[in-house]
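The file query-v6.cif comes next; it holds mmCIF, C-alpha atoms and all ligand atoms.
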```
data_target
loop_
_atom_site.label_atom_id
_atom_site.label_comp_id
_atom_site.auth_asym_id
_atom_site.auth_seq_id
_atom_site.Cartn_x
_atom_site.Cartn_y
_atom_site.Cartn_z
CA MET A 1 50.36 -114.86 17.43
CA PRO A 2 48.53 -118.04 16.47
CA ASP A 3 44.83 -117.64 15.69
CA ALA A 4 43.85 -119.97 18.54
CA VAL A 5 45.60 -117.76 21.09
CA LEU A 6 44.11 -114.60 19.60
CA GLN A 7 40.71 -116.24 19.80
CA LEU A 8 41.22 -116.92 23.52
CA LEU A 9 42.34 -113.37 24.18
CA LEU A 10 39.78 -111.68 21.96
CA PRO A 11 36.88 -114.09 21.55
CA ALA A 12 34.68 -113.07 18.64
CA GLU A 13 31.05 -112.42 19.35
CA CYS A 14 27.98 -112.63 17.15
CA PHE A 15 27.23 -109.25 15.62
CA LEU A 16 23.50 -109.80 16.15
CA CYS A 17 23.08 -111.47 19.58
CA ARG A 18 26.52 -110.90 21.12
CA ALA A 19 26.91 -114.58 22.04
CA LEU A 20 30.49 -115.80 21.84
CA LEU A 21 31.25 -117.55 18.58
CA PRO A 22 32.60 -121.09 18.79
CA TYR A 23 36.24 -121.21 17.69
CA HIS A 24 35.53 -122.99 14.40
CA GLU A 25 32.94 -120.27 13.61
CA SER A 26 35.25 -117.34 14.29
CA ASP A 27 35.39 -116.37 10.63
CA HIS A 28 31.66 -115.60 10.78
CA LEU A 29 30.01 -112.45 12.10
CA VAL A 30 26.67 -114.13 12.71
CA CYS A 31 26.49 -117.14 15.05
CA PRO A 32 24.95 -120.49 14.06
CA VAL A 33 21.96 -119.90 16.35
CA CYS A 34 21.10 -116.59 14.66
CA ARG A 35 21.66 -118.15 11.22
CA SER A 36 19.36 -121.02 12.11
CA ARG A 37 16.57 -118.50 12.68
CA TRP A 38 16.67 -117.50 9.01
CA ARG A 39 13.70 -119.21 7.36
CA PRO A 40 14.57 -120.32 3.81
CA VAL A 41 12.20 -119.56 0.95
CA THR A 42 11.37 -122.99 -0.43
CA PRO A 43 9.50 -124.40 -3.45
CA PRO A 44 6.92 -124.93 -4.80
CA TRP A 45 7.16 -121.45 -6.23
CA CYS A 46 6.64 -119.54 -9.44
CA GLU A 47 9.57 -120.71 -11.59
CA ARG A 48 10.15 -117.15 -12.71
CA CYS A 49 9.85 -114.89 -9.68
CA GLY A 50 10.36 -117.47 -6.94
CA GLN A 51 7.18 -116.47 -5.13
CA PRO A 52 5.73 -119.49 -3.35
CA GLU A 53 2.48 -120.87 -4.62
CA PRO A 54 -0.48 -121.27 -4.49
CA HIS A 55 -1.40 -119.29 -7.55
CA PHE A 56 -4.79 -119.29 -9.10
CA GLY A 57 -4.00 -118.91 -12.76
CA PRO A 58 -0.86 -117.10 -13.95
CA CYS A 59 1.43 -115.49 -11.35
CA ARG A 60 0.42 -111.89 -10.85
CA LEU A 61 3.61 -110.84 -9.13
CA CYS A 62 5.85 -111.17 -12.19
CA ALA A 63 3.29 -110.75 -15.00
CA ALA A 64 4.33 -107.15 -15.78
CA TRP A 65 8.09 -107.74 -15.60
CA PRO A 66 10.17 -107.23 -18.76
CA VAL A 67 10.85 -110.45 -20.68
CA VAL A 68 14.62 -110.12 -20.14
CA LEU A 69 14.21 -110.80 -16.40
CA ARG A 70 14.09 -114.58 -16.43
CA ARG A 71 14.53 -115.78 -12.87
CA VAL A 72 14.55 -114.26 -9.40
CA ARG A 73 15.27 -116.05 -6.16
CA SER A 74 15.53 -114.96 -2.54
CA ALA A 75 17.32 -116.88 0.17
CA VAL A 76 15.22 -116.29 3.28
CA TRP A 77 11.97 -114.73 4.44
CA LEU A 78 12.45 -111.28 5.85
CA ASP A 79 11.01 -111.94 9.30
CA ALA A 80 12.40 -111.85 12.83
CA GLY A 81 16.00 -113.08 12.54
CA ALA A 82 16.65 -112.23 8.90
CA ARG A 83 15.33 -108.70 9.33
CA ASP A 84 18.02 -108.06 11.97
CA ALA A 85 20.68 -109.41 9.63
CA ALA A 86 19.49 -107.27 6.68
CA HIS A 87 19.40 -104.26 9.00
CA ALA A 88 22.92 -104.98 10.25
CA LEU A 89 24.17 -105.19 6.67
CA LYS A 90 22.54 -101.89 5.82
CA TYR A 91 23.53 -99.91 8.89
CA GLY A 92 26.21 -101.90 10.68
CA GLY A 93 28.99 -100.83 8.32
CA LEU A 94 30.85 -104.16 8.44
CA PRO A 95 31.53 -105.66 4.98
CA ARG A 96 32.32 -109.07 6.48
CA ILE A 97 28.67 -109.58 7.47
CA ALA A 98 27.88 -109.74 3.74
CA ASP A 99 29.77 -113.06 3.61
CA ASP A 100 27.32 -114.72 5.99
CA LEU A 101 24.37 -113.47 3.95
CA ALA A 102 25.97 -114.37 0.61
CA ALA A 103 26.57 -117.92 1.87
CA VAL A 104 22.83 -118.60 1.95
CA MET A 105 22.21 -116.62 -1.26
CA ALA A 106 24.71 -118.77 -3.15
CA ARG A 107 22.53 -121.82 -2.52
CA VAL A 108 19.33 -120.53 -4.14
CA LEU A 109 20.66 -120.38 -7.69
CA PRO A 110 22.97 -122.85 -9.39
CA PRO A 111 26.36 -121.16 -9.90
CA PRO A 112 25.88 -118.98 -12.99
CA ASP A 113 27.81 -119.65 -16.18
CA THR A 114 31.44 -118.50 -16.02
CA SER A 115 30.78 -115.78 -18.60
CA SER A 116 28.21 -114.20 -16.26
CA ALA A 117 28.70 -111.02 -14.28
CA LEU A 118 27.11 -109.78 -11.07
CA VAL A 119 25.47 -106.35 -11.03
CA PRO A 120 24.56 -104.84 -7.65
CA ILE A 121 21.47 -102.61 -7.54
CA PRO A 122 22.93 -99.12 -7.13
CA LEU A 123 21.88 -96.71 -4.41
CA GLY A 124 20.94 -93.14 -5.17
CA HIS A 125 23.84 -90.70 -4.76
CA LYS A 126 22.41 -89.08 -1.64
CA ARG A 127 21.73 -92.36 0.10
CA CYS A 128 25.11 -93.80 -0.84
CA LYS A 129 26.88 -90.72 0.45
CA ALA A 130 24.96 -90.78 3.71
CA ARG A 131 25.63 -94.49 4.29
CA GLY A 132 29.14 -94.53 2.91
CA TYR A 133 28.66 -97.82 1.07
CA ASN A 134 26.17 -99.79 -0.99
CA GLN A 135 25.07 -102.91 0.86
CA SER A 136 24.08 -104.62 -2.41
CA GLU A 137 27.62 -104.13 -3.72
CA TRP A 138 29.00 -105.87 -0.62
CA LEU A 139 26.64 -108.79 -1.19
CA ALA A 140 27.61 -108.94 -4.87
CA ARG A 141 31.33 -108.95 -3.99
CA ALA A 142 30.85 -111.70 -1.41
CA LEU A 143 28.82 -113.74 -3.94
CA GLY A 144 31.38 -113.03 -6.64
CA ARG A 145 34.10 -114.56 -4.46
CA ARG A 146 32.00 -117.69 -3.96
CA TRP A 147 31.00 -118.02 -7.60
CA ARG A 148 34.30 -116.66 -8.98
CA LEU A 149 32.43 -114.12 -11.07
CA PRO A 150 33.23 -110.48 -11.75
CA VAL A 151 31.18 -107.73 -10.14
CA VAL A 152 30.30 -104.83 -12.42
CA VAL A 153 29.57 -101.72 -10.38
CA ALA A 154 30.06 -99.07 -13.05
CA LEU A 155 27.25 -100.30 -15.24
CA LEU A 156 23.97 -99.25 -13.68
CA GLU A 157 23.19 -95.97 -12.00
CA ARG A 158 20.17 -94.39 -10.45
CA THR A 159 18.82 -91.43 -12.32
CA ARG A 160 17.24 -90.10 -9.13
CA ASP A 161 16.72 -90.95 -5.49
CA THR A 162 13.41 -92.77 -5.31
CA ALA A 163 11.00 -92.31 -2.43
CA SER A 164 10.81 -95.03 0.18
CA GLN A 165 8.70 -97.89 -1.12
CA THR A 166 7.51 -99.13 2.23
CA ALA A 167 3.95 -97.85 2.17
CA LEU A 168 3.26 -98.30 -1.54
CA THR A 169 1.04 -100.77 -3.34
CA PRO A 170 2.69 -102.92 -6.04
CA ALA A 171 1.34 -100.68 -8.83
CA ALA A 172 2.57 -97.56 -7.03
CA ARG A 173 5.97 -99.19 -6.56
CA LEU A 174 6.31 -99.76 -10.29
CA ALA A 175 5.44 -96.11 -10.96
CA ASN A 176 7.83 -94.98 -8.21
CA VAL A 177 10.83 -96.71 -9.81
CA ALA A 178 9.90 -96.12 -13.47
CA GLY A 179 12.97 -94.77 -15.27
CA ALA A 180 14.98 -94.88 -12.04
CA PHE A 181 17.98 -96.61 -13.65
CA ARG A 182 20.16 -96.10 -16.65
CA VAL A 183 23.17 -97.89 -18.03
CA ARG A 184 26.05 -95.57 -17.37
CA ASN A 185 28.85 -97.17 -19.28
CA ALA A 186 28.03 -97.26 -22.99
CA GLU A 187 31.47 -98.81 -23.62
CA CYS A 188 30.44 -102.14 -22.16
CA GLY A 189 30.61 -104.10 -25.34
CA MET A 190 26.86 -104.50 -25.42
CA ARG A 191 26.01 -101.82 -27.95
CA ASN A 192 23.25 -103.12 -30.18
CA GLY A 193 23.56 -106.38 -28.29
CA ARG A 194 26.89 -107.14 -29.97
CA ALA A 195 30.44 -106.66 -28.84
CA SER A 196 32.14 -103.99 -30.88
CA SER A 197 35.32 -105.35 -32.44
CA ARG A 198 37.41 -102.43 -31.23
CA ASP A 199 36.43 -102.97 -27.58
CA SER A 200 39.39 -104.61 -25.90
CA PRO A 201 38.53 -107.24 -23.30
CA VAL A 202 40.00 -104.97 -20.65
CA HIS A 203 37.48 -102.25 -21.34
CA SER A 204 34.56 -104.55 -21.78
CA ALA A 205 32.52 -105.42 -18.72
CA PHE A 206 31.27 -108.52 -20.51
CA ARG A 207 33.35 -111.38 -21.74
CA THR A 208 30.81 -112.26 -24.37
CA PRO A 209 27.99 -110.20 -25.80
CA HIS A 210 25.55 -112.80 -24.52
CA SER A 211 26.82 -112.76 -20.95
CA ALA A 212 24.07 -113.42 -18.48
CA LEU A 213 23.80 -110.73 -15.86
CA VAL A 214 22.81 -111.46 -12.29
CA LEU A 215 21.34 -108.55 -10.34
CA VAL A 216 22.09 -108.59 -6.63
CA ASP A 217 20.01 -106.80 -4.00
CA ASP A 218 19.50 -107.14 -0.26
CA VAL A 219 15.71 -107.34 -0.12
CA PHE A 220 12.92 -108.32 -2.52
CA THR A 221 9.50 -106.83 -1.86
CA THR A 222 7.49 -106.85 -5.09
CA GLY A 223 10.37 -107.05 -7.57
CA ALA A 224 9.62 -103.58 -8.96
CA THR A 225 13.20 -102.41 -8.46
CA LEU A 226 14.70 -105.52 -10.06
CA ALA A 227 12.26 -105.30 -12.99
CA GLU A 228 13.18 -101.68 -13.62
CA ALA A 229 16.91 -102.38 -13.41
CA ALA A 230 16.52 -105.32 -15.82
CA ARG A 231 14.60 -103.06 -18.20
CA ALA A 232 17.51 -100.60 -18.24
CA LEU A 233 20.00 -103.43 -18.89
CA ALA A 234 17.83 -104.73 -21.74
CA THR A 235 17.84 -101.28 -23.33
CA ALA A 236 21.64 -101.53 -23.39
CA GLY A 237 21.49 -104.92 -25.07
CA ALA A 238 21.44 -107.44 -22.21
CA GLN A 239 19.77 -110.65 -23.32
CA ALA A 240 19.23 -112.51 -20.08
CA VAL A 241 19.04 -111.17 -16.56
CA SER A 242 18.42 -113.08 -13.36
CA ALA A 243 18.47 -111.81 -9.82
CA VAL A 244 19.16 -112.95 -6.30
CA THR A 245 18.34 -111.26 -3.01
CA PHE A 246 19.03 -112.14 0.60
CA GLY A 247 15.58 -111.43 2.04
CA ARG A 248 12.07 -111.67 0.68
CA ALA A 249 9.41 -109.56 2.33
CA VAL A 250 6.05 -111.16 2.83
CA VAL A 251 4.10 -109.25 0.18
CA PRO A 252 1.28 -107.32 1.77
CA ASP A 253 -2.10 -108.31 0.38
CA PHE A 254 -3.37 -105.25 -1.45
CA THR A 255 -6.38 -106.98 -3.04
ZN ZN B 1 23.90 -114.69 17.23
ZN ZN B 2 5.88 -115.16 -10.71
#
```

This entry written out as structure tokens:
Amino acid sequence: MPDAVLQLLLPAECFLCRALLPYHESDHLVCPVCRSRWRPVTPPWCERCGQPEPHFGPCRLCAAWPVVLRRVRSAVWLDAGARDAAHALKYGGLPRIADDLAAVMARVLPPPDTSSALVPIPLGHKRCKARGYNQSEWLARALGRRWRLPVVVALLERTRDTASQTALTPAARLANVAGAFRVRNAECGMRNGRASSRDSPVHSAFRTPHSALVLVDDVFTTGATLAEAARALATAGAQAVSAVTFGRAVVPDFT
């Protein structure tokens, strides 16, 4: 049956507001009205962490991050409309919604170098089992299709399930995630920062030893999780890590 007929018989509706999707939008899960409610994070911002200015003196948000984490960007502010979308990604169980979120994420960083690889932030085992999927992996796969980059899921793992970060101060968040990640696959061709000559390309997650890695997560709050993941990747020899998230929480003022 032609798509147009199917569309008449089974009109697609927006996953968030249930409005009918226009025919030319039927490959989306989120309608243009809901997408227009997402408020982009825009410059001027800290070149490194993407947190909008003003700063008085050096940026405090990224000052304690490991050197390897060079650049972090988020697509939209996590308020009204975007919060619903992030929630739907996390609990809605529909991988296709990740495409709509990845579409706006792909615009906040120039397409990474073709030797780059995307690394989703892993969930703890318990949480992943309960949810049945890792929402960051879905985002990474959707971004990977847009950027034509590989997604490396077997690289990072959580050493433990961390407590919810919601009520924590930035300093407490850093302590909460300290040591929370490790590089699982020591055969990644990054040992000592150099590709081992006996690693075949098939078994190496990285096409070159200097591959840039791009961490992918759904939400940025203080960056503590990304900083800790980047630290683990650096320990395994990664030289440059950047990160992209869909939402950016308005950082609570703890001062
Ligand atoms: Zn909608
Ligand atoms: Zn900064």

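If one restricts the calculation to all atoms listed in the file, the set of residues situated within 9 Å of ligand ZN 1 (chain B) consists of Glu13, Cys14, Phe15, Leu16, Cys17, Arg18, Ala19, Leu20, Leu21, Leu29, Val30, Cys31, Pro32, Val33, Cys34 and Arg35 of chain A.
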
- Excluding stretch 77-84 of chain A and any residue of its chain fewer than 4 positions from it, enumerate the residues within 10 Å of it, using only C-alpha atoms, and give them as a PyMOL selection string. chain A and resi 15-17+33-42+88-90+101+219-221+246-250

- Task: Could you pull out the residues sitting within 8 Å of ligand ZN 2 (chain B), using all atoms listed in the file, and write them as a list in words?
- Result: Trp45, Cys46, Glu47, Arg48, Cys49, Gly50, Gln51, Pro58, Cys59, Arg60, Leu61, Cys62 and Ala63 of chain A

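When all atoms listed in the file are used to compute distances to A:Gly132, the closest of the residues A:Pro95, A:Asp100, A:Val153, A:Pro110 turns out to be A:Pro95.
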
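Compared by their closest atoms to A:Gly93, and using all atoms listed in the file, the residues A:Thr169, A:Ala130, A:His24, A:Val214 rank with A:Ala130 nearest.
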
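Residue nearest A:Ser242 within the list A:Leu213, A:Ala117, A:Ala229, A:Val151: A:Leu213 [criterion: smallest interatomic distance, all atoms listed in the file].
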
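Put simply, atom CA of A:Ala232 is 12.1 Å away from atom CA of A:Trp65.
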
Some atoms are missing, so please complete stretch 128-148 of chain A with N, CA and C atoms and return it as an mmCIF file, keeping the file's coordinate frame.
```cif
data_model
loop_
_atom_site.group_PDB
_atom_site.id
_atom_site.type_symbol
_atom_site.label_atom_id
_atom_site.label_comp_id
_atom_site.auth_asym_id
_atom_site.auth_seq_id
_atom_site.Cartn_x
_atom_site.Cartn_y
_atom_site.Cartn_z
ATOM 1 N N CYS A 128 23.798 -93.173 -0.877
ATOM 2 C CA CYS A 128 25.110 -93.800 -0.840
ATOM 3 C C CYS A 128 26.096 -92.944 -0.059
ATOM 4 N N LYS A 129 25.982 -91.633 -0.245
ATOM 5 C CA LYS A 129 26.880 -90.720 0.450
ATOM 6 C C LYS A 129 26.602 -90.750 1.953
ATOM 7 N N ALA A 130 25.332 -90.773 2.297
ATOM 8 C CA ALA A 130 24.960 -90.780 3.710
ATOM 9 C C ALA A 130 25.429 -92.072 4.386
ATOM 10 N N ARG A 131 25.291 -93.197 3.693
ATOM 11 C CA ARG A 131 25.630 -94.490 4.290
ATOM 12 C C ARG A 131 27.110 -94.805 4.159
ATOM 13 N N GLY A 132 27.713 -94.296 3.109
ATOM 14 C CA GLY A 132 29.140 -94.530 2.910
ATOM 15 C C GLY A 132 29.441 -95.796 2.120
ATOM 16 N N TYR A 133 28.448 -96.610 1.861
ATOM 17 C CA TYR A 133 28.660 -97.820 1.070
ATOM 18 C C TYR A 133 27.311 -98.285 0.538
ATOM 19 N N ASN A 134 27.382 -99.174 -0.445
ATOM 20 C CA ASN A 134 26.170 -99.790 -0.990
ATOM 21 C C ASN A 134 26.130 -101.237 -0.530
ATOM 22 N N GLN A 135 25.144 -101.556 0.289
ATOM 23 C CA GLN A 135 25.070 -102.910 0.860
ATOM 24 C C GLN A 135 24.918 -103.978 -0.218
ATOM 25 N N SER A 136 24.261 -103.635 -1.334
ATOM 26 C CA SER A 136 24.080 -104.620 -2.410
ATOM 27 C C SER A 136 25.416 -104.928 -3.098
ATOM 28 N N GLU A 137 26.288 -103.917 -3.144
ATOM 29 C CA GLU A 137 27.620 -104.130 -3.720
ATOM 30 C C GLU A 137 28.422 -105.090 -2.832
ATOM 31 N N TRP A 138 28.302 -104.936 -1.524
ATOM 32 C CA TRP A 138 29.000 -105.870 -0.620
ATOM 33 C C TRP A 138 28.510 -107.284 -0.828
ATOM 34 N N LEU A 139 27.176 -107.441 -0.959
ATOM 35 C CA LEU A 139 26.640 -108.790 -1.190
ATOM 36 C C LEU A 139 27.152 -109.339 -2.513
ATOM 37 N N ALA A 140 27.156 -108.483 -3.552
ATOM 38 C CA ALA A 140 27.610 -108.940 -4.870
ATOM 39 C C ALA A 140 29.079 -109.354 -4.801
ATOM 40 N N ARG A 141 29.900 -108.596 -4.083
ATOM 41 C CA ARG A 141 31.330 -108.950 -3.990
ATOM 42 C C ARG A 141 31.525 -110.269 -3.247
ATOM 43 N N ALA A 142 30.739 -110.448 -2.178
ATOM 44 C CA ALA A 142 30.850 -111.700 -1.410
ATOM 45 C C ALA A 142 30.384 -112.883 -2.273
ATOM 46 N N LEU A 143 29.308 -112.677 -3.040
ATOM 47 C CA LEU A 143 28.820 -113.740 -3.940
ATOM 48 C C LEU A 143 29.819 -113.992 -5.065
ATOM 49 N N GLY A 144 30.398 -112.923 -5.561
ATOM 50 C CA GLY A 144 31.380 -113.030 -6.640
ATOM 51 C C GLY A 144 32.582 -113.869 -6.222
ATOM 52 N N ARG A 145 32.978 -113.736 -4.954
ATOM 53 C CA ARG A 145 34.100 -114.560 -4.460
ATOM 54 C C ARG A 145 33.697 -116.029 -4.416
ATOM 55 N N ARG A 146 32.454 -116.289 -4.016
ATOM 56 C CA ARG A 146 32.000 -117.690 -3.960
ATOM 57 C C ARG A 146 31.843 -118.291 -5.345
ATOM 58 N N TRP A 147 31.289 -117.499 -6.263
ATOM 59 C CA TRP A 147 31.000 -118.020 -7.600
ATOM 60 C C TRP A 147 32.152 -117.765 -8.581
ATOM 61 N N ARG A 148 33.181 -117.062 -8.122
ATOM 62 C CA ARG A 148 34.300 -116.660 -8.980
ATOM 63 C C ARG A 148 33.807 -115.919 -10.219
#
```
